[in-house]
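Below: the structure, in structure tokens.
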Amino acid sequence: MDALVTPAGQITIRLVLDIPRSINHAYIVAARRIDGRGAPRVIKDRAVRQYQHGVVARAAMAPGGRVTLLAPIRLKVTFVMLRVADIDIDNGLKVLIDGLAAAYDFNDRDVMHLEVDKEINPIGMQRCE
């Protein structure tokens with residue numbers, strides 16, 4: 001994990017994380033619970049909460065520890081997979097971004113630029129960078 005502050009005051013943080021759970025299995029709609037706007041409440045699956053706590057823990061171990069990121073936020077994500085069919089490129093993003101938002105104290109709506117790549121490495125370890 002690396003953190004770098006550029007002369008312009010921008011910060012670059014590099015984290016290597018586990019692959020997040022697919023969005024298809026990450027959130028549960030609680031039909032009996034209604035939020036303040038009258039819509040069904042969405043609840044995070046336990047595995048998602050554990051993943052996001054892990055992201056926060058990894059961020060705390062990064063050089064310089066956790067920092068607060070200010071808008072606009074730019075993210076570059078690379079999913080390194082064993083084979084193409086392991087995850088759709090978009091399915092892990094919401095869970096990952098929510099974890100990063102918790103770790104670096106920002107609102108995910110402040111992400112203004114998102115670059116996502118998927119690499120195949122059949123002999124390596126699946127991960128998210």
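Residue numbers start at 1 in each chain; chains themselves are named A, B, ... in the order of the structure tokens; ligands are numbered from 1 in the order shown.
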
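Near Lys76 (chain A), within 7 Å and counting only C-alpha atoms, sit A:Leu114, A:Glu115, A:Val116, not including residues fewer than 4 positions from it in the same chain.
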
Could you write out the selected residues, including N, CA and C atoms, as an mmCIF file, in the first residue's frame?
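Now in part-v6.cif:
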data_model
loop_
_atom_site.group_PDB
_atom_site.id
_atom_site.type_symbol
_atom_site.label_atom_id
_atom_site.label_comp_id
_atom_site.auth_asym_id
_atom_site.auth_seq_id
_atom_site.Cartn_x
_atom_site.Cartn_y
_atom_site.Cartn_z
ATOM 1 N N LEU A 114 -14.066 7.797 -12.916
ATOM 2 C CA LEU A 114 -13.867 6.399 -12.556
ATOM 3 C C LEU A 114 -13.291 5.661 -13.748
ATOM 4 N N GLU A 115 -12.109 5.093 -13.565
ATOM 5 C CA GLU A 115 -11.457 4.307 -14.604
ATOM 6 C C GLU A 115 -11.349 2.872 -14.095
ATOM 7 N N VAL A 116 -11.881 1.928 -14.867
ATOM 8 C CA VAL A 116 -11.919 0.530 -14.420
ATOM 9 C C VAL A 116 -11.308 -0.363 -15.496
#

Determine which residues of region 45-79 of chain A DSSP labels as alpha helix (DSSP H) from the backbone of this structure, then write them out as a list in words.
-> Arg46, Ala47, Val48, Arg49, Gln50, Tyr51, Gln52, His53, Gly54, Val55, Val56, Ala57, Arg58, Ala59, Ala60 and Met61 of chain A

Smallest atom-to-atom distance to Gln52 (chain A): which of A:Pro20, A:Pro122, A:Gly92, A:Pro72, using only C-alpha atoms?
->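 When distances to Gln52 (chain A) are compared using only C-alpha atoms, the smallest one comes from A:Pro20.
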
Can you list, as a list in words, every protein, DNA or RNA residue that comes within 12 Å of Asp98 (chain A) when you count only C-alpha atoms, leaving out same-chain residues fewer than 6 positions away?
->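 In the requested format, the answer is Pro20, Arg21, Ile23, Ala26, Tyr27, Lys44, Val48, Arg49, Tyr51, Gln52, His53, Gly54, Val55, Val56, Gly92, Tyr104, Asp105, Phe106, Asn107, Asp108, Arg109, Asp110 and Val111 of chain A.
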
Which residue of A:Ile89, A:Ala60, A:Ala103, A:Leu82 approaches Asp117 (chain A) most closely, using only C-alpha atoms = A:Ile89

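Backbone DSSP assigns strand (DSSP E or B) in region 57-115 of chain A to Ile73, Arg74, Leu75, Lys76, Val77, Thr78, Phe79, Val80, Met81, Val111, Met112, His113, Leu114 and Glu115 of chain A.
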
Any chance you could export the current selection's C-alpha atoms as a PDB file, in the first residue's frame?
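Output file again-v3.pdb is given in full below:
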ATOM      1  CA  ILE A  73     -12.508  12.259  -6.397  1.00  0.00           C
ATOM      2  CA  ARG A  74     -10.851  10.243  -9.148  1.00  0.00           C
ATOM      3  CA  LEU A  75     -10.641   6.470  -8.821  1.00  0.00           C
ATOM      4  CA  LYS A  76      -8.685   3.976 -10.882  1.00  0.00           C
ATOM      5  CA  VAL A  77      -9.595   0.362 -10.209  1.00  0.00           C
ATOM      6  CA  THR A  78      -8.054  -2.785 -11.662  1.00  0.00           C
ATOM      7  CA  PHE A  79      -9.670  -6.160 -11.081  1.00  0.00           C
ATOM      8  CA  VAL A  80      -7.116  -8.939 -11.541  1.00  0.00           C
ATOM      9  CA  MET A  81      -8.974 -12.185 -12.213  1.00  0.00           C
ATOM     10  CA  VAL A 111     -16.525  10.397  -7.363  1.00  0.00           C
ATOM     11  CA  MET A 112     -16.280  12.432 -10.563  1.00  0.00           C
ATOM     12  CA  HIS A 113     -13.986  10.187 -12.587  1.00  0.00           C
ATOM     13  CA  LEU A 114     -13.867   6.399 -12.556  1.00  0.00           C
ATOM     14  CA  GLU A 115     -11.457   4.307 -14.604  1.00  0.00           C
TER      15      GLU A 115
END

Expressed in Å, the length from CA of Ile123 (chain A) to CA of Ala57 (chain A) is 27.3 Å

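From CA of Arg83 (chain A) back to CA of Cys128 (chain A), the distance works out to 14.1 Å.
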
Interatomic distance (Å, one decimal) between CA of Leu17 (chain A) and CA of Leu70 (chain A) |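 Straight-line distance from CA of Leu17 (chain A) to CA of Leu70 (chain A) works out to 21.9 Å.
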